[in-house]
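This report concerns only the one structure given below.
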Amino acid sequence: ESEIIAYSDVFTALTETRPYRGPKDEEMVLRTIGEDYVSSLGSEIYNLIASNFSALNDIRNTAQAKAVIEYNHTIFSVKTGN
């Protein structure tokens, strides 16, 4: 379970848009994870990420977009008192 969470955290950090940079592409993400994390976390989850990258990134992208909408709605509600 901890490996899944660790890989998920790294995957999200590398693939999502951050205020200071855009998302990294698939090649860069897989290379970074492969070089920096497989030796300590193992290759089983890495292999699943590599073989399902597009689907995982689509899910992450949808969740990020939803979070932005909810955040903006909350900020609007606080500012307007609604």
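Lettering and numbering for the structure tokens are positional, with chains as A, B, ... in the shown order, residues counted from 1 in each chain, and ligands counted from 1 in the shown order.
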Report as a ChimeraX atom specification all protein, DNA and RNA residues lying within 12 Å of Ala13 in chain A, evaluated on only C-alpha atoms, omitting residues in the same chain fewer than 4 positions from it. /A:6-9,17-19,21-24,29,32-33,57,60-61,64
Name the residues of range 2-77 of chain A that fall into alpha helix (DSSP H) according to DSSP on the backbone, using the chain letters and numbers of this document, as a PyMOL selection string. chain A and resi 2-15+26-36+38-41+44-51+53-77
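Distances here use only C-alpha atoms; by that measure, the residue among A:Leu14, A:Val78, A:Leu30, A:Glu1 closest to Asn47 in chain A is A:Leu30.
Around Ser43 in chain A, within 12 Å and counting only C-alpha atoms, the residues found are A:Glu3, A:Ile4, A:Tyr7, A:Leu30, A:Ile33, A:Gly34, A:Glu35, A:Asp36, A:Tyr37, A:Val38, A:Ser39, A:Ser40, A:Tyr46, A:Asn47, A:Leu48, A:Ile49, A:Ala50, once anything fewer than 3 positions away on its own chain is removed.
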